[in-house]
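Undergrad: Pasting a structure here, questions to come.
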Amino acid sequence: MFKKLLIANRGEIAVRIIRACRDLGVSPVVVYSEADRYSLAVQLADQAHPIGGSTASESYLSVDKIIDAALATGCEALHPGYGFLAEDESLVNACTDAGVVFVGPSAASIESMGDKLRSRSLVAAAGVPVVPGTENPVATLEEAAESSREIGYPIMLKASAGGGGKGMRLVRNEDQLRSAFQMTRGEAKAAFSDSTVYLEKYLERPRHIEVQVLGDRHGNLIHLGERECSIQRRHQKLLEECPSPFVGPEMRRDLGEAALAVARAVDYTNAGTVEFLVDAASSARPAPFYFLEMNTRLQVEHPVTEMVTGLDLAREQIRIAAGEKLSLSQDDVTWRGAAIECRIYAEDSANNFYPSPGGITLLSEPSGPGIRNDSGVCEGYEIPLEYDPLISKLVAHGRDRAEAIQRMRRALDEYKVAGVRTTIPFFHAVLGHERFLGGDLHTHFIDEHGLLSGTLQGSDGRLPRMMAALYHYLEAREGSSPDSTPGRRSRWKDYNRFPNLDSLEGP
Amino acid sequence: MFKKLLIANRGEIAVRIIRACRDLGVSPVVVYSEADRYSLAVQLADQAHPIGGSTASESYLSVDKIIDAALATGCEALHPGYGFLAEDESLVNACTDAGVVFVGPSAASIESMGDKLRSRSLVAAAGVPVVPGTENPVATLEEAAESSREIGYPIMLKASAGGGGKGMRLVRNEDQLRSAFQMTRGEAKAAFSDSTVYLEKYLERPRHIEVQVLGDRHGNLIHLGERECSIQRRHQKLLEECPSPFVGPEMRRDLGEAALAVARAVDYTNAGTVEFLVDAASSARPAPFYFLEMNTRLQVEHPVTEMVTGLDLAREQIRIAAGEKLSLSQDDVTWRGAAIECRIYAEDSANNFYPSPGGITLLSEPSGPGIRNDSGVCEGYEIPLEYDPLISKLVAHGRDRAEAIQRMRRALDEYKVAGVRTTIPFFHAVLGHERFLGGDLHTHFIDEHGLLSGTLQGSDGRLPRMMAALYHYLEAREGSSPDSTPGRRSRWKDYNRFPNLDSLEGP
Amino acid sequence: MRFSALDGDQTVEVDVTAEGRETFTVTLEERNGESSRETLKVLRRSGNRWTVEVENRVEDFLVWPEGDRTVVQWRRSTFEVDILPLRERLRRQTSSREAAGAAVLKAQMPGRVVSVLKAPGETVESGEGLVIIESMKMQNEVKSPKSGTVSRCGVAEGGTVNAGDLLFEIE
Amino acid sequence: MRFSALDGDQTVEVDVTAEGRETFTVTLEERNGESSRETLKVLRRSGNRWTVEVENRVEDFLVWPEGDRTVVQWRRSTFEVDILPLRERLRRQTSSREAAGAAVLKAQMPGRVVSVLKAPGETVESGEGLVIIESMKMQNEVKSPKSGTVSRCGVAEGGTVNAGDLLFEIE
């Protein structure tokens with residue numbers, strides 16, 4: 001096993017990997033940008049290496065700085081987490097050159113799956129269904145129009161270098177295609193330096209169901225069952241569960257075998273996720289499913305699989321990277337109960353999910369039976385403007401889906417965050433929705449059921465208004481000035497008093 | 001199901017029961033003594049009912065006040081937790097009289113098991129082995145001496161009304177018996193108003209292994225496997241695990257059947273625990289085990305069984321009390337992995353476990369995969385002088401015992417409590433002990449391995465001394481006065497600022 | 001002590017009176033002109049968190065200031081309360097009357113000023129962009145609600161703004 | 001700034017010098033007369049918790065005062081440090097010299113005073129009980145370390161004491 005491992009990431013996933021390191025007896029080293037100096041990950045690590053400015057391009061996206069940090073701190077391995085450089089083969093190659101073990105698949109696997117058009121044909125060749133569409137790039141509008149007529153509208157126009165919901169556009173008829181075609185190519189060129197686009201049949205109300213796979217370097221490859229991630233907003237997952245309420249044992253086996261076939265097609269090692277769209281609206285049973293893409297890294301939502309299978313995926317990742325064999329075979333995998341994850345963001349769910357950066361002035365986290373909170377913050381932490389404003393991933397496990405939901409609602413009630421708005425009220429609304437309780441999910445669930453509108457703002461404001469008055473009354477009596485804006489900063493020093501030193505040391 | 005339930009307890013178990021209520025949609029009401037006014041349980045409940053003074057006898061031990069609280073708040077059921085009145089049949093009878101459902105067994109079951117001598121003969125009659133000893137009270141010294149010679153020294157002199165480690169005395173020879181006999185009788189009279197004593201063979205290095213049972217009012221009775229609680233100090237459990245590293249499938253079945261026979265002998269319903277002493281030092285295999293006592297309530301250490309079986313025991317208790325059937329049969333019970341619980345007390349483990357009451361000025365609780373922390377406190381909470389100074393029960397679950405231990409050590413490292421001393425350093429010492437890792441446990445483990453001595457005090461004080469100097473340097477610069485004792489109270493108002501109001505309102 | 005709270009587009013009065021060390025009576029004028037009264041008993045206050053007994057129920061509130069507003073979280077909802085001491089409300093009404101005819105634009109959320117498009121003295125058309133503010137991954141252009149002249153600008157490129165900060169005033 | 005810390009029965013000197021806004025050099029005299037020096041870089045302070053970089057490692061400390069002592073928790077151990085500004089140590093040494101011959105008994109832990117057995121002016125034998133203090137479920141009798149006369153008594157029945165509080169002085 002490695003002695004030291006560099007965590008080339010931030011926030012909750014850096015904390016998650018620190019914990020896996022601790023359980024393995026590996027010394028965790030984190031990198032941090034200027035904005036993350038006071039983060040929980042820095043506090044929990046054995047060593048913290050600064051890598052410069054606050055923007056991602058100055059820090060977490062710089063391959064050179066990450067490799068320099070690994071070498072400077074004497075780390076033998078590097079875990080990329082998710083996002084940033086996690087699916088960038090140039091980091092893998094740089095690790096190889098520097099003699100640092102990359103905790104993840106090979107550069108070749110990442111590259112094959114990074115090109116969406118190439119991965120489609122690889123997967124189709126492996127006998128796994130892909131969404132009906134073109135096998136090759138469509139270079140001209142005429143070609144696109146002809147293919148679209150063959151496939152049948154609506155179609156999805158996709159950038160081959162895109163993924164994760166980026167670089168795609170819905171087209172419902174030939175009129176729309178005319179304007180969309182050049183626009184999508186132009187955007188693809190701008191975003192990915194590659195204007196290649198292709199066409200896929202658009203599924204109206206699909207379910208997003210994905211399968212976790214795990215492979216070692218000794219030829220062992222297993223799947224850990226599925227997760228359903230249909231609760232999305234603008235293609236960003238918000239709530240995930242394991243198992244899917246739609247999937248029975250037979251479909252689980254089919255999905256699992258398809259996922260393994262995909263992974264085998266690219267000689268996959270380490271943890272990966274094969275995403276499928278399931279056409280639940282189709283009358284066919286078992287419902288048809290189609291390969292969407294493969295994520296060649298640990299997913300944000302991996303804890304729901306951990307809760308149900310009892311495995312530690314981050315730990316398995318590091319073990320695999322160290323050359324060890326998988327700690328279990330396919331037959332050893334068992335699923336117990338159900339787990340749900342809510343992504344708690346510093347976003348105002350009552351106001352169109354506007355980001356709500358600022359200082360966390362109070363934090364009280366839920367606990368008790370079935371609850372796990374993978375947090376990246378602590379009281380006094382200031383959520384930076386620069387990154388994804390994820391506060392924590394709240395996970396509830398129960399004997400069945402109903403108990404997991406009950407426990408999640410209890411945990412959301414216990415979870416107290418002051419100083420920033422969060423998505424907690426939004427999840428209350430989702431978890432209380434009849435259709436959600438019935439398991440009737442699809443990727444447009446949030447829009448279709450009006451869960452994005454401003455209705456989350458509380459309505460009976462009588463007591464809150466009284467409470468606000470009492471607050472100002474007591475603040476006035478305690479001597480601060482409620483006449484002026486009682487700015488957030490004024491209270492800040494109670495929590496992180498270090499900035500005070502400035503004035504102590506003199507010029 | 002009940003609409004409202006009264007929780008006749010405090011601390012972490014009150015919080016635990018609140019959570020079970022939330023998961024069932026029952027409105028939780030807590031009682032609180034003056035000392036518990038600012039407790040976490042009061043904060044989380046729907047309703048909080050004051051029951052007077054801070055001492056237990058003025059509050060949590062008063063049957064009248066508890067019943068009055070249930071009636072005043074309109075509660076249909078009452079959960080006693082553990083300790084206080086949980087095993088007092090007078091509370092059960094008072095509940096019956098008041099028309100309130102008691103969440104627990106019948107008064108008759110409690111009474112049968114409360115008398116240790118009576119329970120011994122009931123259990124022996126049910127064909128379950130009891131520790132060799134007298135079947136009847138020993139009334140005279142002569143009788144005691146004769147029985148002792150028959151049984152063979154060392155023997156244990158026990159008060160029939162005792163239990164839980166109270167009212168017993170070890171006697172190694174007839175000389176000791178002479179002085180011990182009257183003393184134990186006198187103490188039994190003083191403590192339990194009952195001088196009845198009896199004799200038992202004393203086992204030198206037994207393991208304490210207990211079995212969780214669960215019975216409904218429809219005749220269904222199951223066991224949930226064993227817990228090992230051999231890590232004790234003065235008969236108080238400190239660390240518990242499930243499963244026992246000593247128990248294999250065969251012994252689990254035998255212990256389970258014995259526990260069910262005991263429960264059946266008293267028509268037991270609801271959750272209960274049958275405790276056994278296992279003579280692991282005996283050369284016989286399977287090792288002989290003997291009935292010790294039955295606890296007719298939820299145990300402190302129930303979470304380790306919950307983690308391994310996936311069940312919610314507090315929830316099952318309430319369901320059973322509401323007349324529902326057990327949610328599973330014996331064949332449905334499965335055990336996955338291993339769980340360990342550490343009882344985190346406000347006690348100075350470096351100083352003979354002296355209680356360390358005071359205010360918690362900083363609290364940062366562990367989390368992440370496999371970790372559950374059932375806490376009764378929050379930052380700013382002042383641990384009362386009046387009760388058991390339990391801060392929380394930290395539980396770690398893993399795929400096997402080794403992983404559970406690794407995760408527990410990680411969680412203990414993450415757990416930060418300032419303002420009071422805790423038993424966290426003690427648990428580091430236990431979990432790092434070779435014999436513990438080997439599973440070689442017995443009830444004198446702590447004494448025998450010198451884990452109570454002052455060696456837990458840190459030795460290399462170089463950095464801590466530097467840090468203390470830096471602390472006083474910065475305190476001085478920030479304007480407080482380090483020349484005077486920087487008393488704990490001076491910082492108090494930062495955390496619970498309400499006391500300030502005193503001076504605001506004028507006389 | 002008397003306060004003025006906004007309820008929709010009306011202002012209503014709120015009165016707080018101390019009844020004892022930890023008990024307060026709060027009287028709230030309703031929109032229909034009637035008033036309601038509650039006795040709030042503060043069981044515990046710990047920073048932004050308040051545990052209050054109201055009508056025999058324990059209620060948990062989070063309260064913190066955010067710009068001009070007071071944010072109250074209660075049960076499963078978030079409330080933005082616009083409340084000021086009565087005297088301060090009267091003072092502000094006067095000053096806003098003085099500024100009548102001017103449009104004052106304030107930041108709706110915290111962010112970083114990416115680009116300032118207009119300077120004081122410049123003329124703007126209705127709908128023309130004034131400033132671009134970025135928060136995390138989203139850029140947001142603030143547009144002028146009327147045609148006129150920039151009379152005040154409270155932002156600078158590269159700086160940050162908090163909710164409620166003045167961005168532009170157009171006369 | 002210079003401090004005096006107790007190391008066993010010796011006092012050693014500690015010096016703290018600020019090198020910058022968040023970097024400090026601490027020099028510690030060792031018992032053998034040599035001294036060691038570390039540069040402590042405070043990454044974060046949040047209440048009682050300090051995250052400090054020392055020799056490229058991130059170290060997490062909890063520090064809080066308890067009576068006369070400073071409690072430091074570091075890694076898996078708890079340390080009680082007896083440290084005072086040098087000037088204060090010198091002042092106390094003088095005053096303790098003045099009180100030479102007197103035995104001063106201080107509370108070792110917080111508790112409630114159950115019973116006060118002696119009053120000022122009374123004579124006591126060595127080993128005789130002075131006061132009974134209870135913490136949670138344990139009662140503890142504090143005994144006189146010498147024969148003499150009670151010169152001071154800092155406790156009252158029913159009251160509470162904190163660690164370090166004066167209980168009795170015997171002359």
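Letters A, B, ... go to the chains of the structure tokens in the order shown; residues in each chain start at 1; ligands are counted from 1 in the same order.
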What lies within 9 Å of Glu30 of chain D using only C-alpha atoms, ignoring chain neighbours under 3 positions off, as a list in words?
TA: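 Near neighbours after the sequence-gap exclusion: Arg462 of chain B; Asp7, Val12, Glu13, Gly33, Glu34, Ser35 and Ser36 of chain D.
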Undergrad: Pull the closest atom pair for each residue of chain D that gets at most 9 Å from chain B, along with the distance in Å to one decimal, counting only C-alpha atoms, ordering rows by chain and then ascending residue number, as a Markdown table.
TA:
```
| residue | atom | partner | partner_atom | distance |
| --- | --- | --- | --- | --- |
| D:Met1 | CA | B:Tyr473 | CA | 7.0 |
| D:Arg2 | CA | B:Ala469 | CA | 8.6 |
| D:Phe3 | CA | B:Ala469 | CA | 6.8 |
| D:Ser4 | CA | B:Ala469 | CA | 8.8 |
| D:Ala5 | CA | B:Arg465 | CA | 7.5 |
| D:Asp7 | CA | B:Gly461 | CA | 8.8 |
| D:Val14 | CA | B:Ala469 | CA | 7.0 |
| D:Asp15 | CA | B:Ala469 | CA | 7.7 |
| D:Val16 | CA | B:Leu470 | CA | 6.5 |
| D:Phe24 | CA | B:Leu470 | CA | 8.0 |
| D:Val26 | CA | B:Met466 | CA | 6.2 |
| D:Thr27 | CA | B:Met466 | CA | 7.7 |
| D:Leu28 | CA | B:Met466 | CA | 6.9 |
| D:Glu30 | CA | B:Arg462 | CA | 8.6 |
| D:Ser36 | CA | B:Arg462 | CA | 8.8 |
| D:Glu38 | CA | B:Met466 | CA | 8.4 |
| D:Leu40 | CA | B:Met467 | CA | 8.5 |
| D:Ser46 | CA | B:Leu362 | CA | 8.9 |
| D:Gly47 | CA | B:Leu362 | CA | 7.0 |
| D:Asn48 | CA | B:Leu362 | CA | 6.4 |
| D:Arg49 | CA | B:Leu362 | CA | 7.6 |
| D:Phe61 | CA | B:Met467 | CA | 7.9 |
| D:Leu62 | CA | B:Ala418 | CA | 6.4 |
| D:Val63 | CA | B:Ala468 | CA | 7.1 |
| D:Trp64 | CA | B:Gly419 | CA | 6.4 |
| D:Pro65 | CA | B:Pro486 | CA | 6.0 |
| D:Glu66 | CA | B:Arg488 | CA | 6.5 |
| D:Gly67 | CA | B:Gly487 | CA | 6.4 |
| D:Asp68 | CA | B:Thr485 | CA | 5.9 |
| D:Arg69 | CA | B:Thr485 | CA | 8.5 |
| D:Thr70 | CA | B:Ala468 | CA | 6.6 |
| D:Val71 | CA | B:Ala468 | CA | 7.9 |
| D:Val72 | CA | B:Pro464 | CA | 5.9 |
| D:Gln73 | CA | B:Pro464 | CA | 7.6 |
| D:Trp74 | CA | B:Pro464 | CA | 7.0 |
| D:Arg75 | CA | B:Asp413 | CA | 7.4 |
| D:Arg76 | CA | B:Pro425 | CA | 5.7 |
| D:Ser77 | CA | B:Gly458 | CA | 4.7 |
| D:Thr78 | CA | B:Gly458 | CA | 5.6 |
| D:Phe79 | CA | B:Gly458 | CA | 5.6 |
| D:Glu80 | CA | B:Gln457 | CA | 8.4 |
| D:Val81 | CA | B:Arg465 | CA | 6.2 |
| D:Asp82 | CA | B:Arg465 | CA | 8.6 |
| D:Ile83 | CA | B:Ala469 | CA | 7.1 |
| D:Leu84 | CA | B:Asp483 | CA | 7.2 |
| D:Pro85 | CA | B:Asp483 | CA | 6.9 |
| D:Arg87 | CA | B:Asp483 | CA | 8.9 |
| D:Glu88 | CA | B:Asp483 | CA | 6.4 |
| D:Met109 | CA | B:Ser356 | CA | 6.9 |
| D:Pro110 | CA | B:Pro357 | CA | 6.6 |
| D:Gly111 | CA | B:Leu385 | CA | 7.2 |
| D:Arg112 | CA | B:Leu385 | CA | 7.9 |
| D:Glu134 | CA | B:Leu385 | CA | 8.6 |
| D:Ser135 | CA | B:Leu385 | CA | 5.9 |
| D:Met136 | CA | B:Leu385 | CA | 4.8 |
| D:Lys137 | CA | B:Tyr387 | CA | 7.5 |
| D:Met138 | CA | B:Pro355 | CA | 8.3 |
| D:Asn162 | CA | B:Gly358 | CA | 8.9 |
```
Undergrad: For segment 217-222 of chain B, list every protein, DNA or RNA residue within 8 Å, evaluated using only C-alpha atoms, and leave out those in the same chain fewer than 2 positions away; present the list as a list in words.
TA: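 Selected residues are Val213, Leu214, Gly215, Leu224, Leu260, Thr269, Ile320, Gly323, Glu324, Lys325, Leu326, Ser329 and Gln330 of chain B.
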Undergrad: Those same residues - N, CA and C atoms - I'd like them written as a CSV table (one decimal), in the first residue's frame.
TA:
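Saved the output as again_11.csv:
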```csv
chain,number,residue,atom,x,y,z
B,213,VAL,N,-33.5,-9.6,22.2
B,213,VAL,CA,-34.8,-10.2,21.8
B,213,VAL,C,-35.9,-9.2,21.5
B,214,LEU,N,-36.9,-9.6,20.8
B,214,LEU,CA,-37.9,-8.7,20.3
B,214,LEU,C,-39.2,-9.5,20.2
B,215,GLY,N,-40.2,-9.1,21.0
B,215,GLY,CA,-41.5,-9.9,20.9
B,215,GLY,C,-42.7,-9.0,20.8
B,224,LEU,N,-32.1,-11.3,17.8
B,224,LEU,CA,-31.3,-10.5,16.8
B,224,LEU,C,-29.8,-10.8,17.0
B,260,LEU,N,-34.4,-16.9,23.9
B,260,LEU,CA,-35.8,-17.0,23.6
B,260,LEU,C,-36.5,-17.8,24.7
B,269,THR,N,-42.7,-9.3,26.0
B,269,THR,CA,-43.0,-8.6,24.8
B,269,THR,C,-42.1,-7.4,24.8
B,320,ILE,N,-44.5,-2.2,18.3
B,320,ILE,CA,-45.0,-3.3,19.1
B,320,ILE,C,-46.0,-2.7,20.2
B,323,GLY,N,-49.4,-2.2,19.2
B,323,GLY,CA,-50.2,-3.4,18.9
B,323,GLY,C,-49.9,-4.0,17.5
B,324,GLU,N,-48.9,-3.5,16.8
B,324,GLU,CA,-48.5,-4.0,15.5
B,324,GLU,C,-47.7,-5.3,15.6
B,325,LYS,N,-47.7,-6.0,14.5
B,325,LYS,CA,-46.9,-7.2,14.5
B,325,LYS,C,-45.4,-6.9,14.2
B,326,LEU,N,-44.5,-7.8,14.6
B,326,LEU,CA,-43.1,-7.7,14.3
B,326,LEU,C,-43.0,-7.6,12.8
B,329,SER,N,-39.6,-12.0,10.6
B,329,SER,CA,-39.6,-13.3,11.3
B,329,SER,C,-38.1,-13.6,11.6
B,330,GLN,N,-37.9,-14.7,12.3
B,330,GLN,CA,-36.5,-15.1,12.7
B,330,GLN,C,-35.7,-15.4,11.4
```
Undergrad: Excluding segment 154-161 of chain A and its own-chain neighbours fewer than 5 positions away, which residues fall within 10 Å of it when counting only C-alpha atoms? Please give them as JSON, numbers by chain.
TA: {"A": [113, 114, 115, 116, 117, 118, 119, 120, 132, 133, 136, 137, 138, 144, 147, 148, 149, 166, 167, 168, 169, 170, 171, 172, 173, 174, 177, 180, 181, 184, 185, 186, 187, 188, 189, 191, 192, 193, 194, 195, 196, 197, 198, 199, 200, 201, 202, 203, 204]}
Undergrad: Go ahead and write the residues just picked, C-alpha atoms, as a tab-separated table (two decimals), in the first residue's frame.
TA:
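Below you can see part12.tsv, which holds the result:
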```tsv
chain	number	residue	atom	x	y	z
A	113	MET	CA	-15.08	7.19	-23.34
A	114	GLY	CA	-14.38	10.93	-23.63
A	115	ASP	CA	-15.27	10.92	-27.33
A	116	LYS	CA	-19.02	10.31	-27.32
A	117	LEU	CA	-19.26	9.22	-30.93
A	118	ARG	CA	-16.35	6.80	-30.60
A	119	SER	CA	-17.73	5.36	-27.37
A	120	ARG	CA	-21.11	4.87	-29.06
A	132	PRO	CA	-30.84	5.11	-32.11
A	133	GLY	CA	-28.86	7.70	-34.05
A	136	ASN	CA	-20.79	8.86	-37.86
A	137	PRO	CA	-20.51	12.62	-37.52
A	138	VAL	CA	-23.02	14.62	-39.52
A	144	ALA	CA	-28.50	15.95	-40.63
A	147	SER	CA	-30.73	11.23	-40.79
A	148	SER	CA	-33.32	13.00	-38.66
A	149	ARG	CA	-36.11	11.93	-40.98
A	166	LYS	CA	-23.13	19.79	-21.99
A	167	GLY	CA	-23.05	20.48	-25.73
A	168	MET	CA	-26.46	19.19	-26.74
A	169	ARG	CA	-29.66	20.64	-28.17
A	170	LEU	CA	-33.18	19.29	-28.59
A	171	VAL	CA	-34.66	19.53	-32.07
A	172	ARG	CA	-38.36	18.85	-32.67
A	173	ASN	CA	-38.69	19.41	-36.41
A	174	GLU	CA	-36.78	20.29	-39.55
A	177	LEU	CA	-32.88	21.76	-37.17
A	180	ALA	CA	-29.85	24.53	-34.42
A	181	PHE	CA	-27.32	22.78	-36.61
A	184	THR	CA	-24.54	23.57	-31.95
A	185	ARG	CA	-21.46	23.11	-34.13
A	186	GLY	CA	-20.29	26.61	-33.29
A	187	GLU	CA	-20.80	26.09	-29.57
A	188	ALA	CA	-19.04	22.72	-29.70
A	189	LYS	CA	-16.10	24.35	-31.43
A	191	ALA	CA	-16.41	24.85	-25.78
A	192	PHE	CA	-14.48	21.74	-26.76
A	193	SER	CA	-12.34	22.93	-29.73
A	194	ASP	CA	-14.10	20.27	-31.78
A	195	SER	CA	-17.15	21.00	-33.89
A	196	THR	CA	-18.02	17.33	-34.52
A	197	VAL	CA	-21.72	16.68	-33.89
A	198	TYR	CA	-24.02	13.66	-34.29
A	199	LEU	CA	-27.71	12.86	-33.92
A	200	GLU	CA	-29.63	10.72	-31.47
A	201	LYS	CA	-33.29	9.91	-31.03
A	202	TYR	CA	-34.71	12.06	-28.21
A	203	LEU	CA	-36.51	10.09	-25.49
A	204	GLU	CA	-39.37	12.13	-24.06
```
Undergrad: Using only C-alpha atoms, which of the listed residues (A:Glu347, A:Asp23, A:Glu111, A:Glu12) sits closest to chain B?
TA: A:Asp23
Undergrad: Have a look at B:Val333, B:Ile51, B:Cys95, B:Ala20 and name the one nearest to chain A; count only C-alpha atoms.
TA: B:Ala20
Undergrad: Give one line per residue of chain B that approaches chain A to at most 9 Å, naming the two atoms of the closest pair and their distance in Å to one decimal, counting only C-alpha atoms; sort by chain then ascending residue number and deliver it as JSON lines.
TA:
```
{"residue": "B:Val15", "atom": "CA", "partner": "A:Gly368", "partner_atom": "CA", "distance": 8.7}
{"residue": "B:Arg16", "atom": "CA", "partner": "A:Gly368", "partner_atom": "CA", "distance": 6.9}
{"residue": "B:Arg19", "atom": "CA", "partner": "A:Arg410", "partner_atom": "CA", "distance": 7.2}
{"residue": "B:Ala20", "atom": "CA", "partner": "A:Pro369", "partner_atom": "CA", "distance": 8.7}
{"residue": "B:Arg22", "atom": "CA", "partner": "A:Arg410", "partner_atom": "CA", "distance": 6.1}
{"residue": "B:Asp23", "atom": "CA", "partner": "A:Gln406", "partner_atom": "CA", "distance": 5.3}
{"residue": "B:Leu24", "atom": "CA", "partner": "A:Gln406", "partner_atom": "CA", "distance": 7.9}
{"residue": "B:Gly25", "atom": "CA", "partner": "A:Gln406", "partner_atom": "CA", "distance": 8.7}
{"residue": "B:Leu44", "atom": "CA", "partner": "A:Glu414", "partner_atom": "CA", "distance": 7.6}
{"residue": "B:Pro303", "atom": "CA", "partner": "A:Pro369", "partner_atom": "CA", "distance": 7.9}
{"residue": "B:Glu306", "atom": "CA", "partner": "A:Pro369", "partner_atom": "CA", "distance": 7.9}
{"residue": "B:Met307", "atom": "CA", "partner": "A:Pro369", "partner_atom": "CA", "distance": 8.1}
{"residue": "B:Gly310", "atom": "CA", "partner": "A:Arg399", "partner_atom": "CA", "distance": 6.5}
{"residue": "B:Leu311", "atom": "CA", "partner": "A:Arg399", "partner_atom": "CA", "distance": 7.1}
{"residue": "B:Asp312", "atom": "CA", "partner": "A:Pro369", "partner_atom": "CA", "distance": 7.3}
{"residue": "B:Arg336", "atom": "CA", "partner": "A:Gly310", "partner_atom": "CA", "distance": 8.2}
{"residue": "B:Gly337", "atom": "CA", "partner": "A:Gly310", "partner_atom": "CA", "distance": 8.1}
{"residue": "B:Ser364", "atom": "CA", "partner": "A:Cys378", "partner_atom": "CA", "distance": 8.5}
{"residue": "B:Glu365", "atom": "CA", "partner": "A:Glu365", "partner_atom": "CA", "distance": 8.9}
{"residue": "B:Ser367", "atom": "CA", "partner": "A:Asn373", "partner_atom": "CA", "distance": 6.4}
{"residue": "B:Gly368", "atom": "CA", "partner": "A:Asp374", "partner_atom": "CA", "distance": 5.5}
{"residue": "B:Pro369", "atom": "CA", "partner": "A:Arg372", "partner_atom": "CA", "distance": 7.1}
{"residue": "B:Gly370", "atom": "CA", "partner": "A:Arg372", "partner_atom": "CA", "distance": 8.0}
{"residue": "B:Ile371", "atom": "CA", "partner": "A:Arg372", "partner_atom": "CA", "distance": 7.2}
{"residue": "B:Arg372", "atom": "CA", "partner": "A:Gly368", "partner_atom": "CA", "distance": 6.2}
{"residue": "B:Asn373", "atom": "CA", "partner": "A:Ser367", "partner_atom": "CA", "distance": 6.4}
{"residue": "B:Asp374", "atom": "CA", "partner": "A:Gly368", "partner_atom": "CA", "distance": 5.5}
{"residue": "B:Ser375", "atom": "CA", "partner": "A:Gly368", "partner_atom": "CA", "distance": 8.2}
{"residue": "B:Cys378", "atom": "CA", "partner": "A:Ser364", "partner_atom": "CA", "distance": 8.5}
{"residue": "B:Gly398", "atom": "CA", "partner": "A:Gly310", "partner_atom": "CA", "distance": 7.5}
{"residue": "B:Arg399", "atom": "CA", "partner": "A:Gly310", "partner_atom": "CA", "distance": 6.5}
{"residue": "B:Glu403", "atom": "CA", "partner": "A:Asp23", "partner_atom": "CA", "distance": 7.4}
{"residue": "B:Gln406", "atom": "CA", "partner": "A:Asp23", "partner_atom": "CA", "distance": 5.3}
{"residue": "B:Arg407", "atom": "CA", "partner": "A:Asp23", "partner_atom": "CA", "distance": 5.9}
{"residue": "B:Arg409", "atom": "CA", "partner": "A:Asp23", "partner_atom": "CA", "distance": 8.3}
{"residue": "B:Arg410", "atom": "CA", "partner": "A:Arg22", "partner_atom": "CA", "distance": 6.1}
{"residue": "B:Ala411", "atom": "CA", "partner": "A:Arg19", "partner_atom": "CA", "distance": 8.9}
{"residue": "B:Glu414", "atom": "CA", "partner": "A:Leu44", "partner_atom": "CA", "distance": 7.6}
{"residue": "B:Leu474", "atom": "CA", "partner": "A:Leu501", "partner_atom": "CA", "distance": 8.1}
{"residue": "B:Arg477", "atom": "CA", "partner": "A:Leu504", "partner_atom": "CA", "distance": 6.3}
{"residue": "B:Glu478", "atom": "CA", "partner": "A:Leu504", "partner_atom": "CA", "distance": 7.2}
{"residue": "B:Asp494", "atom": "CA", "partner": "A:Asp494", "partner_atom": "CA", "distance": 7.4}
{"residue": "B:Asn500", "atom": "CA", "partner": "A:Glu478", "partner_atom": "CA", "distance": 7.8}
{"residue": "B:Leu501", "atom": "CA", "partner": "A:Glu478", "partner_atom": "CA", "distance": 7.8}
{"residue": "B:Leu504", "atom": "CA", "partner": "A:Arg477", "partner_atom": "CA", "distance": 6.4}
{"residue": "B:Glu505", "atom": "CA", "partner": "A:Arg477", "partner_atom": "CA", "distance": 8.7}
```
Undergrad: Quick one: of A:Val123, A:Val377, A:Leu394, A:Leu239, who's nearest to Asp36 of chain A, counting only C-alpha atoms?
TA: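 Distance minimum relative to Asp36 of chain A lands on A:Val377.
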